[in-house]
>>> print(open('run12.cif').read())   # mmCIF, C-alpha atoms and all ligand atoms
data_data
#
loop_
_atom_site.label_atom_id
_atom_site.label_comp_id
_atom_site.auth_asym_id
_atom_site.auth_seq_id
_atom_site.Cartn_x
_atom_site.Cartn_y
_atom_site.Cartn_z
CA MET A 1 4.93 -23.82 -12.02
CA ALA A 2 1.32 -24.96 -12.46
CA SER A 3 -1.24 -23.46 -10.14
CA ARG A 4 -4.83 -24.43 -9.43
CA VAL A 5 -6.10 -20.92 -9.28
CA CYS A 6 -8.78 -18.85 -10.90
CA HIS A 7 -7.71 -16.54 -13.71
CA PRO A 8 -7.86 -12.86 -12.66
CA ALA A 9 -10.85 -12.48 -14.99
CA GLU A 10 -12.78 -14.91 -12.77
CA PRO A 11 -12.87 -13.23 -9.37
CA PHE A 12 -12.45 -15.46 -6.37
CA PRO A 13 -15.69 -16.14 -4.50
CA VAL A 14 -15.91 -13.77 -1.55
CA ASN A 15 -18.55 -15.43 0.62
CA ALA A 16 -17.29 -18.94 1.12
CA SER A 17 -16.69 -19.14 4.85
CA ALA A 18 -18.73 -22.29 5.73
CA HIS A 19 -15.61 -24.48 5.66
CA TYR A 20 -13.32 -22.00 7.32
CA ARG A 21 -11.21 -23.01 10.27
CA GLN A 22 -8.20 -21.32 11.78
CA LEU A 23 -5.08 -23.27 10.86
CA ASP A 24 -2.24 -24.14 13.16
CA PRO A 25 1.15 -25.23 11.78
CA ALA A 26 0.07 -28.90 11.61
CA GLY A 27 -3.16 -27.96 9.84
CA LEU A 28 -1.22 -25.78 7.40
CA ALA A 29 1.21 -28.62 6.68
CA ASN A 30 -1.75 -30.91 5.88
CA GLN A 31 -3.20 -28.36 3.48
CA LEU A 32 0.12 -27.88 1.70
CA ALA A 33 0.82 -31.60 1.55
CA ALA A 34 -2.49 -32.15 -0.22
CA LEU A 35 -1.46 -29.88 -3.10
CA PRO A 36 1.11 -31.70 -5.26
CA PHE A 37 2.66 -28.58 -6.78
CA LEU A 38 3.23 -27.03 -3.35
CA ARG A 39 4.44 -30.31 -1.87
CA ASP A 40 6.91 -30.65 -4.76
CA ARG A 41 8.03 -27.07 -4.32
CA LEU A 42 8.90 -27.74 -0.67
CA GLY A 43 10.28 -31.23 -1.26
CA GLY A 44 10.18 -34.14 1.16
CA ASN A 45 7.23 -34.63 3.51
CA PRO A 46 5.61 -32.54 6.22
CA PRO A 47 7.98 -33.83 8.97
CA ASP A 48 10.87 -32.41 6.87
CA TRP A 49 9.33 -28.93 6.77
CA THR A 50 9.92 -26.07 9.18
CA ILE A 51 6.96 -23.77 9.69
CA ARG A 52 7.67 -20.45 11.39
CA GLU A 53 4.94 -17.98 12.27
CA VAL A 54 6.07 -14.46 11.35
CA SER A 55 2.80 -12.53 11.74
CA ASP A 56 3.86 -8.89 11.88
CA GLY A 57 0.98 -6.86 10.43
CA ASN A 58 -2.18 -5.97 12.31
CA LEU A 59 -4.64 -8.33 10.66
CA ASN A 60 -3.60 -11.86 9.66
CA THR A 61 -1.57 -14.94 10.53
CA VAL A 62 1.52 -15.42 8.36
CA TRP A 63 3.89 -18.41 8.22
CA LEU A 64 7.11 -19.06 6.33
CA VAL A 65 7.49 -22.69 5.31
CA HIS A 66 10.85 -24.21 4.35
CA GLY A 67 11.43 -27.69 3.00
CA PRO A 68 14.45 -29.53 1.58
CA ALA A 69 13.72 -28.22 -1.95
CA GLY A 70 12.24 -24.78 -1.46
CA SER A 71 10.07 -22.39 0.50
CA LEU A 72 6.78 -20.52 0.48
CA CYS A 73 4.78 -18.02 2.49
CA ALA A 74 1.24 -18.74 3.73
CA LYS A 75 -1.19 -16.12 5.01
CA GLN A 76 -4.63 -16.74 6.51
CA SER A 77 -7.36 -14.26 7.43
CA LEU A 78 -8.53 -14.33 11.02
CA PRO A 79 -12.14 -13.58 11.99
CA HIS A 80 -10.85 -10.54 13.90
CA VAL A 81 -8.02 -8.01 13.86
CA ARG A 82 -4.92 -10.01 14.87
CA VAL A 83 -3.67 -7.37 17.30
CA ASP A 84 -7.15 -6.81 18.79
CA PRO A 85 -9.30 -9.99 18.92
CA SER A 86 -12.28 -7.98 20.22
CA TRP A 87 -12.40 -6.19 16.83
CA LYS A 88 -14.35 -8.74 14.78
CA MET A 89 -13.91 -8.78 11.03
CA PRO A 90 -15.15 -10.70 7.96
CA LEU A 91 -12.62 -13.05 6.39
CA ASP A 92 -12.58 -11.90 2.79
CA ARG A 93 -9.46 -9.71 2.92
CA THR A 94 -7.13 -12.44 1.61
CA THR A 95 -9.56 -12.90 -1.29
CA PHE A 96 -8.89 -9.31 -2.33
CA GLU A 97 -5.18 -9.66 -1.68
CA ALA A 98 -5.03 -12.77 -3.88
CA ALA A 99 -6.86 -10.99 -6.70
CA TRP A 100 -4.67 -7.88 -6.34
CA LEU A 101 -1.56 -10.05 -6.52
CA ARG A 102 -2.74 -11.75 -9.72
CA GLU A 103 -3.49 -8.40 -11.30
CA THR A 104 -0.27 -6.80 -10.18
CA GLU A 105 2.15 -9.52 -11.13
CA ALA A 106 0.82 -9.21 -14.70
CA VAL A 107 1.87 -5.55 -14.98
CA ALA A 108 4.80 -5.33 -12.55
CA PRO A 109 6.45 -8.75 -12.86
CA GLY A 110 9.15 -9.47 -10.30
CA MET A 111 7.97 -6.64 -8.03
CA VAL A 112 5.54 -8.76 -6.00
CA PRO A 113 6.05 -12.24 -4.56
CA PRO A 114 4.90 -14.95 -6.99
CA PHE A 115 1.31 -16.05 -6.51
CA LEU A 116 1.09 -19.80 -5.87
CA HIS A 117 -2.34 -20.71 -4.53
CA PHE A 118 -5.51 -19.37 -2.95
CA ASP A 119 -8.06 -21.40 -1.01
CA PRO A 120 -11.28 -19.35 -0.89
CA HIS A 121 -12.79 -21.55 1.84
CA LEU A 122 -9.89 -21.28 4.27
CA TYR A 123 -9.00 -17.74 3.12
CA LEU A 124 -5.48 -19.06 2.76
CA LEU A 125 -3.10 -17.32 0.34
CA VAL A 126 0.20 -18.98 -0.60
CA THR A 127 2.99 -17.03 -2.31
CA GLY A 128 6.70 -17.34 -2.89
CA CYS A 129 8.78 -16.76 0.22
CA LEU A 130 10.93 -13.63 0.25
CA ASP A 131 13.92 -15.33 1.84
CA ASP A 132 16.44 -12.88 3.34
CA TYR A 133 14.21 -9.88 2.69
CA VAL A 134 13.31 -7.51 5.54
CA THR A 135 10.58 -4.90 5.70
CA LEU A 136 11.55 -1.47 4.43
CA THR A 137 10.74 -0.18 7.93
CA GLU A 138 13.52 -2.38 9.31
CA ALA A 139 15.92 -1.62 6.44
CA LEU A 140 15.50 2.13 6.93
CA ALA A 141 16.08 1.74 10.68
CA ARG A 142 19.32 -0.09 9.86
CA GLY A 143 20.45 2.86 7.76
CA GLU A 144 19.91 1.40 4.28
CA ASN A 145 20.12 3.84 1.36
CA PRO A 146 16.51 4.78 0.49
CA ALA A 147 17.31 6.04 -3.03
CA PRO A 148 17.04 2.80 -5.05
CA ILE A 149 13.88 1.76 -3.22
CA ALA A 150 12.23 5.16 -3.70
CA ARG A 151 12.95 4.91 -7.44
CA GLU A 152 11.64 1.36 -7.62
CA ILE A 153 8.45 2.12 -5.75
CA GLY A 154 7.83 5.18 -7.95
CA PHE A 155 8.18 2.87 -10.96
CA PHE A 156 5.97 0.24 -9.32
CA ILE A 157 3.15 2.67 -8.50
CA ALA A 158 3.22 4.07 -12.04
CA GLN A 159 3.15 0.65 -13.71
CA ASN A 160 0.49 -0.76 -11.48
CA THR A 161 -1.83 2.23 -11.59
CA PHE A 162 -1.37 3.17 -15.26
CA HIS A 163 -2.11 -0.35 -16.52
CA HIS A 164 -5.11 -0.59 -14.21
CA SER A 165 -6.58 2.74 -15.32
CA PHE A 166 -8.64 3.90 -18.31
CA ARG A 167 -5.41 5.07 -19.91
CA GLY A 168 -3.82 1.64 -19.76
CA THR A 169 -6.67 -0.84 -20.22
CA SER A 170 -10.12 -1.16 -21.77
CA PHE A 171 -13.25 0.22 -20.12
CA GLU A 172 -14.57 -3.35 -19.87
CA ASN A 173 -11.53 -4.37 -17.86
CA MET A 174 -11.93 -1.31 -15.65
CA ALA A 175 -15.59 -2.25 -15.09
CA ARG A 176 -14.50 -5.75 -14.04
CA LEU A 177 -11.88 -4.36 -11.64
CA GLU A 178 -14.30 -1.81 -10.22
CA GLY A 179 -17.01 -4.47 -9.83
CA PHE A 180 -14.72 -6.80 -7.91
CA PHE A 181 -12.56 -4.47 -5.83
CA SER A 182 -15.41 -2.17 -4.80
CA GLY A 183 -16.52 -5.21 -2.76
CA ASN A 184 -13.51 -4.70 -0.48
CA THR A 185 -15.65 -2.61 1.84
CA THR A 186 -14.37 -4.05 5.11
CA LEU A 187 -10.80 -2.89 4.66
CA THR A 188 -11.77 0.27 2.83
CA ARG A 189 -13.88 1.10 5.90
CA ILE A 190 -10.73 0.78 8.02
CA THR A 191 -8.93 3.25 5.77
CA VAL A 192 -11.91 5.61 5.73
CA ASP A 193 -12.10 5.56 9.54
CA LEU A 194 -8.45 5.37 10.54
CA VAL A 195 -6.84 7.54 7.86
CA LEU A 196 -9.55 9.86 6.56
CA THR A 197 -11.76 10.54 9.59
CA ASP A 198 -10.80 9.58 13.16
CA PRO A 199 -7.71 11.78 13.58
CA TYR A 200 -9.84 14.91 13.04
CA HIS A 201 -12.04 14.49 16.10
CA ALA A 202 -11.79 12.87 19.53
CA HIS A 203 -12.09 9.11 19.03
CA PRO A 204 -11.40 6.31 21.54
CA ARG A 205 -8.97 4.62 19.12
CA ASN A 206 -6.77 7.73 18.89
CA HIS A 207 -3.67 8.07 21.02
CA PHE A 208 -0.57 10.25 20.81
CA HIS A 209 2.59 11.44 22.52
CA PRO A 210 1.86 14.17 25.10
CA ALA A 211 4.14 16.54 23.16
CA LEU A 212 1.51 16.56 20.40
CA THR A 213 -1.44 17.66 22.55
CA THR A 214 -1.68 21.24 21.26
CA LEU A 215 -1.31 20.17 17.64
CA VAL A 216 -3.98 17.47 18.08
CA GLU A 217 -6.39 20.10 19.42
CA ARG A 218 -5.74 22.02 16.24
CA LEU A 219 -6.42 18.93 14.12
CA HIS A 220 -9.77 18.59 15.90
CA THR A 221 -10.85 22.20 15.48
CA ASP A 222 -9.05 24.06 12.65
CA GLY A 223 -11.46 24.93 9.84
CA LEU A 224 -8.74 25.18 7.20
CA ILE A 225 -7.53 21.67 8.01
CA HIS A 226 -11.07 20.30 8.06
CA GLY A 227 -11.71 21.87 4.65
CA ALA A 228 -8.62 20.13 3.24
CA VAL A 229 -9.65 16.83 4.82
CA CYS A 230 -13.12 17.05 3.26
CA HIS A 231 -11.55 17.81 -0.13
CA LEU A 232 -9.26 14.78 0.16
CA GLN A 233 -12.15 12.58 1.29
CA GLU A 234 -13.99 13.66 -1.85
CA ARG A 235 -10.95 12.81 -3.97
CA PHE A 236 -10.70 9.41 -2.28
CA PHE A 237 -14.36 8.47 -2.83
CA THR A 238 -15.03 10.00 -6.23
CA THR A 239 -11.76 9.67 -8.18
CA ARG A 240 -12.20 6.21 -9.70
CA GLN A 241 -8.84 6.42 -11.42
CA ALA A 242 -6.96 3.15 -10.99
CA LEU A 243 -6.55 -0.05 -9.00
CA LEU A 244 -4.52 0.83 -5.91
CA HIS A 245 -2.54 -1.15 -3.36
CA GLY A 246 -4.33 0.86 -0.68
CA ASP A 247 -1.87 0.47 2.23
CA LEU A 248 1.53 1.20 0.74
CA HIS A 249 3.53 2.03 3.86
CA SER A 250 7.07 0.87 4.60
CA GLY A 251 5.78 -2.34 6.23
CA SER A 252 4.19 -3.35 2.91
CA VAL A 253 7.53 -3.27 1.08
CA MET A 254 10.10 -6.03 1.54
CA VAL A 255 13.69 -5.24 0.51
CA ARG A 256 16.94 -7.02 -0.11
CA ASN A 257 20.13 -5.54 -1.57
CA GLY A 258 18.32 -2.46 -2.90
CA LYS A 259 15.57 -4.54 -4.58
CA SER A 260 11.99 -4.39 -3.41
CA SER A 261 8.92 -6.59 -3.44
CA VAL A 262 5.50 -5.21 -2.55
CA ILE A 263 3.27 -7.32 -0.29
CA ASP A 264 -0.05 -7.06 1.55
CA GLY A 265 -2.46 -5.91 -1.16
CA GLU A 266 -5.45 -6.70 1.05
CA PHE A 267 -6.55 -3.03 1.17
CA SER A 268 -6.73 -2.86 -2.65
CA LEU A 269 -9.45 -0.67 -4.10
CA ILE A 270 -10.22 1.62 -7.01
CA GLY A 271 -9.27 5.20 -6.16
CA PRO A 272 -6.99 8.16 -6.85
CA ILE A 273 -3.44 7.29 -7.89
CA GLY A 274 -2.10 9.92 -5.51
CA PHE A 275 -3.31 7.83 -2.59
CA ASP A 276 -0.66 5.11 -3.11
CA LEU A 277 2.02 7.68 -3.90
CA GLY A 278 1.14 9.69 -0.82
CA MET A 279 1.00 6.72 1.55
CA PHE A 280 4.50 5.67 0.52
CA ALA A 281 5.82 9.23 0.65
CA ALA A 282 4.52 9.50 4.23
CA SER A 283 6.70 6.57 5.32
CA LEU A 284 9.81 8.28 3.93
CA VAL A 285 8.87 11.54 5.66
CA LEU A 286 8.29 9.79 9.00
CA ALA A 287 11.52 7.79 8.74
CA GLY A 288 13.33 11.05 7.98
CA PHE A 289 11.96 12.88 11.02
CA ALA A 290 12.92 9.89 13.19
CA ALA A 291 16.46 9.66 11.75
CA ALA A 292 19.48 9.54 14.04
CA SER A 293 21.39 12.34 12.29
CA GLU A 294 20.69 15.44 10.24
CA GLU A 295 22.55 13.87 7.32
CA ARG A 296 20.38 10.76 7.43
CA ARG A 297 17.23 12.85 7.70
CA GLN A 298 18.23 14.73 4.58
CA GLU A 299 19.03 11.50 2.74
CA LEU A 300 15.55 10.16 3.50
CA HIS A 301 13.79 13.39 2.64
CA ASN A 302 15.76 13.78 -0.59
CA SER A 303 14.51 10.34 -1.64
CA LEU A 304 11.02 11.87 -1.98
CA ALA A 305 12.14 13.70 -5.13
CA LEU A 306 13.40 10.38 -6.53
CA LEU A 307 10.06 8.72 -5.80
CA HIS A 308 8.23 11.61 -7.48
CA ASP A 309 10.50 11.73 -10.55
CA SER A 310 10.49 7.98 -11.05
CA PHE A 311 6.70 7.84 -10.79
CA LEU A 312 6.15 10.69 -13.27
CA LYS A 313 8.77 9.48 -15.73
CA THR A 314 7.31 5.97 -15.81
CA TYR A 315 3.68 7.12 -15.89
CA CYS A 316 4.30 9.52 -18.79
CA HIS A 317 6.45 6.97 -20.60
CA GLU A 318 3.69 4.37 -20.40
CA TRP A 319 1.18 6.98 -21.53
CA MET A 320 3.24 7.81 -24.65
CA ASN A 321 4.24 4.26 -25.54
CA HIS A 322 1.51 1.92 -24.36
CA GLU A 323 0.05 -0.04 -27.25
CA GLY A 324 -2.39 -2.35 -25.47
CA ALA A 325 -6.17 -1.99 -25.63
CA HIS A 326 -7.54 1.20 -24.10
CA ASP A 327 -10.46 3.44 -25.00
CA LEU A 328 -9.45 6.75 -23.45
CA SER A 329 -7.49 8.92 -25.92
CA PRO A 330 -6.72 6.22 -28.50
CA SER A 331 -3.58 7.06 -30.44
CA PHE A 332 -5.39 7.81 -33.73
CA LEU A 333 -7.10 10.75 -32.01
CA MET A 334 -3.93 12.07 -30.40
CA ARG A 335 -1.55 11.56 -33.32
CA ASP A 336 0.14 14.84 -34.30
CA LYS A 337 -1.31 16.60 -31.25
CA LEU A 338 1.77 16.64 -29.09
CA GLU A 339 1.04 20.05 -27.62
CA ILE A 340 -2.45 19.01 -26.44
CA LEU A 341 -1.06 15.74 -25.11
CA SER A 342 1.64 17.51 -23.20
CA GLN A 343 -0.95 19.86 -21.61
CA GLN A 344 -3.11 16.88 -20.66
CA GLN A 345 -0.14 15.13 -19.06
CA LYS A 346 0.84 18.23 -17.12
CA ARG A 347 -2.69 18.67 -15.74
CA GLU A 348 -3.15 15.02 -14.84
CA CYS A 349 0.29 14.64 -13.26
CA ALA A 350 -0.16 17.85 -11.26
CA ALA A 351 -3.48 16.56 -9.90
CA ILE A 352 -1.97 13.17 -8.96
CA VAL A 353 0.96 14.80 -7.20
CA GLU A 354 -1.30 17.28 -5.39
CA ASP A 355 -3.49 14.40 -4.20
CA ALA A 356 -0.35 12.55 -3.11
CA ALA A 357 0.84 15.45 -0.96
CA GLY A 358 -2.56 15.72 0.74
CA PHE A 359 -2.85 11.99 1.38
CA ALA A 360 0.76 11.88 2.62
CA ALA A 361 -0.14 14.54 5.18
CA MET A 362 -3.22 12.56 6.29
CA GLU A 363 -1.17 9.38 6.62
CA ILE A 364 1.47 11.19 8.70
CA VAL A 365 -1.29 12.59 10.93
CA ARG A 366 -2.82 9.13 11.34
CA ARG A 367 0.49 7.36 12.09
CA LEU A 368 1.21 9.91 14.86
CA THR A 369 -2.18 10.69 16.39
CA GLY A 370 -4.64 7.94 15.39
CA TYR A 371 -4.55 4.12 15.39
CA ALA A 372 -1.70 1.91 14.08
CA HIS A 373 1.23 4.20 14.79
CA THR A 374 4.47 4.20 12.85
CA PRO A 375 7.31 2.19 14.42
CA HIS A 376 9.92 4.65 13.06
CA PHE A 377 10.19 6.62 16.36
CA GLU A 378 10.35 3.59 18.66
CA THR A 379 14.13 3.58 19.04
CA LEU A 380 14.27 7.19 20.30
CA SER A 381 14.08 8.34 23.93
CA GLN A 382 10.64 9.47 25.04
CA GLU A 383 11.69 13.11 24.92
CA ALA A 384 13.44 12.95 21.55
CA SER A 385 10.53 10.97 20.14
CA GLY A 386 8.10 13.70 21.25
CA ASP A 387 10.25 16.44 19.68
CA ARG A 388 10.63 14.64 16.36
CA GLN A 389 6.99 13.63 16.17
CA HIS A 390 6.10 17.26 16.86
CA ASP A 391 8.25 18.36 13.91
CA ALA A 392 6.70 15.73 11.65
CA LEU A 393 3.17 16.67 12.66
CA CYS A 394 3.88 20.39 12.14
CA PHE A 395 5.05 19.51 8.64
CA ALA A 396 1.87 17.52 7.91
CA ILE A 397 -0.34 20.32 9.27
CA ASP A 398 1.52 22.80 7.10
CA LEU A 399 0.77 20.64 4.03
CA LEU A 400 -2.91 20.33 4.94
CA SER A 401 -3.19 24.06 5.58
CA ASP A 402 -2.18 24.94 2.02
CA LEU A 403 -2.83 22.04 -0.34
CA SER A 404 -2.01 24.04 -3.47
CA ASN A 405 1.65 24.37 -2.37
CA ALA A 406 1.88 21.01 -0.60
CA ALA A 407 3.36 18.98 -3.47
CA GLY A 408 6.30 21.37 -3.86
CA LYS A 409 7.03 21.24 -0.13
CA LEU A 410 6.85 17.44 -0.04
CA PHE A 411 8.61 16.46 -3.24
CA GLY A 412 11.24 19.15 -3.34
CA THR A 413 10.16 21.65 -5.94
CA GLY A 414 9.24 24.22 -3.25
CA SER A 415 10.76 25.21 0.11
CA GLY A 416 9.93 22.40 2.52
CA LEU A 417 11.82 19.32 3.56
CA HIS A 418 14.71 19.62 1.17
CA SER A 419 18.18 21.10 1.38
C1 LIG B 501 -6.86 -2.50 12.10
S1 LIG B 501 -5.77 -2.36 10.81
C2 LIG B 501 -4.83 -0.99 11.11
C3 LIG B 501 -3.90 -0.64 10.03
O1 LIG B 501 -3.05 -1.73 9.71
C4 LIG B 501 -2.89 -1.82 8.31
O2 LIG B 501 -1.60 -2.04 7.89
C5 LIG B 501 -3.44 -0.54 7.76
O3 LIG B 501 -2.46 0.47 7.70
C6 LIG B 501 -4.52 -0.25 8.72
O4 LIG B 501 -4.94 1.10 8.66
MG MG B 502 -0.31 -4.90 6.09
#
>>> encode(input="run12.cif", output="structure tokens", more="lines below")
Ligand code: SR1
Ligand code: MG
Amino acid sequence: MASRVCHPAEPFPVNASAHYRQLDPAGLANQLAALPFLRDRLGGNPPDWTIREVSDGNLNTVWLVHGPAGSLCAKQSLPHVRVDPSWKMPLDRTTFEAAWLRETEAVAPGMVPPFLHFDPHLYLLVTGCLDDYVTLTEALARGENPAPIAREIGFFIAQNTFHHSFRGTSFENMARLEGFFSGNTTLTRITVDLVLTDPYHAHPRNHFHPALTTLVERLHTDGLIHGAVCHLQERFFTTRQALLHGDLHSGSVMVRNGKSSVIDGEFSLIGPIGFDLGMFAASLVLAGFAAASEERRQELHNSLALLHDSFLKTYCHEWMNHEGAHDLSPSFLMRDKLEILSQQQKRECAAIVEDAAGFAAMEIVRRLTGYAHTPHFETLSQEASGDRQHDALCFAIDLLSDLSNAAGKLFGTGSGLHS
């Protein structure tokens, strides 16, 4: 279907707020009706359309729109955090999400909702509607098998990062990506504060279950943990490895019948590949510790090995077989040097997986003791929730206390979560 949008090579303007106004359903219908390809997609006229607000994340307003012929999803930035209107915020996050979506659908087709339209003045992003999908958070709570999703997300992370890294694309393309996405400072600041900093000292945004008090004191004072945190902060800021999703938790993955679609790329940035892998791994760990039975916990924790294996298999496969333009290790230099190549792959994959384990630990710590807690424990009694969160936090602290063995404990090659 035709779309009036900029090509990914022409970044969307990021400072275009003069014409911004917050839409209500009627205002949204007017906007959609004025765009023939969206009007045709929905069919009929605005009075025939149902518009349902489904805002669920912390930041934006989201509507699902259904018409006689089809559906779509519309998302608009608010000038503040949706769940805390006193926390003011620039509007440009949907600009970065729109650009991330364009980039990602080119390398992982079918694994993100189709991009349909972006209005840079209203900060309004329109995509295909994921009818009958639910968030992975909800699917896991319902007892859905995590194995196919873990494999798919491992594949997705590998495709998306490899083809947006120096191994998978030209240095000019990487410069373009870096130039554009390094402008996403507002949401990167949220990650820097909420994930990488605040949980390691007393901060007014932090809150936690009373059962975690002693462990939180340790997070605020333990030198070994603080050393690991500083190392991971350095990895986050200085490893300009690939374009990342940046917020790949279970609420950013929609699922239906074992198939997944990744949404909410508004936190996209250039950074270490292990950040996306670790953020997603943390959701599986947290869901496992919150599980209703030992068997279910094991099923969730065993899916971490599937995530890991699928990521590495896809990443190394792309590395060996990719024929598109790239300047790092062109094939004429590596031909007949399989041993060197294999050593390079081992080193790089080990570093990615080690980063992932560290970032997973930091994400677990944040979701339990900082701001924007995980919903996975919400169905448990207060006492059971405290016990399980305590176990999960002990696990994360153990990872942070010994980063060199953390990947084995997380992904199942060392004694840790796995039976
Ligand atoms: C104020 S935003 C809080 C959190 O919500 C998002 O989903 C990110 O995880 C962010 O850290
Ligand atoms: Mg989100």
>>> atom_distance(input="run12.cif", atom1="atom CA of A:Arg240", atom2="atom CA of A:Pro199")
24.4 Å
>>> residues_around(input="run12.cif", residues="A:Val195", least_positions_apart="4", cutoff="10 Å", atoms="only C-alpha atoms", output="list in words")
Arg189, Ile190, Thr191, Pro199, Tyr200, Gln233, Phe359, Met362, Glu363, Ile364, Val365, Arg366, Arg367, Gly370, Tyr371 and Ala372 of chain A
>>> closest_residue(input="run12.cif", among="A:Asp355, A:Glu97, A:Glu152, A:Glu323", to="ligand MG 502 (chain B)", atoms="only C-alpha atoms and all ligand atoms")
A:Glu97
>>> closest_residue(input="run12.cif", among="A:Phe267, A:Phe289, A:Trp319, A:Phe280", to="ligand MG 502 (chain B)", atoms="all atoms listed in the file")
A:Phe267
>>> axis_aligned_box(input="run12.cif", around="ligand LIG 501 (chain B)", padding_each_side="8 Å", output="JSON")
{"center_x": -4.2, "center_y": -0.7, "center_z": 9.9, "size_x": 21.3, "size_y": 19.6, "size_z": 20.4}
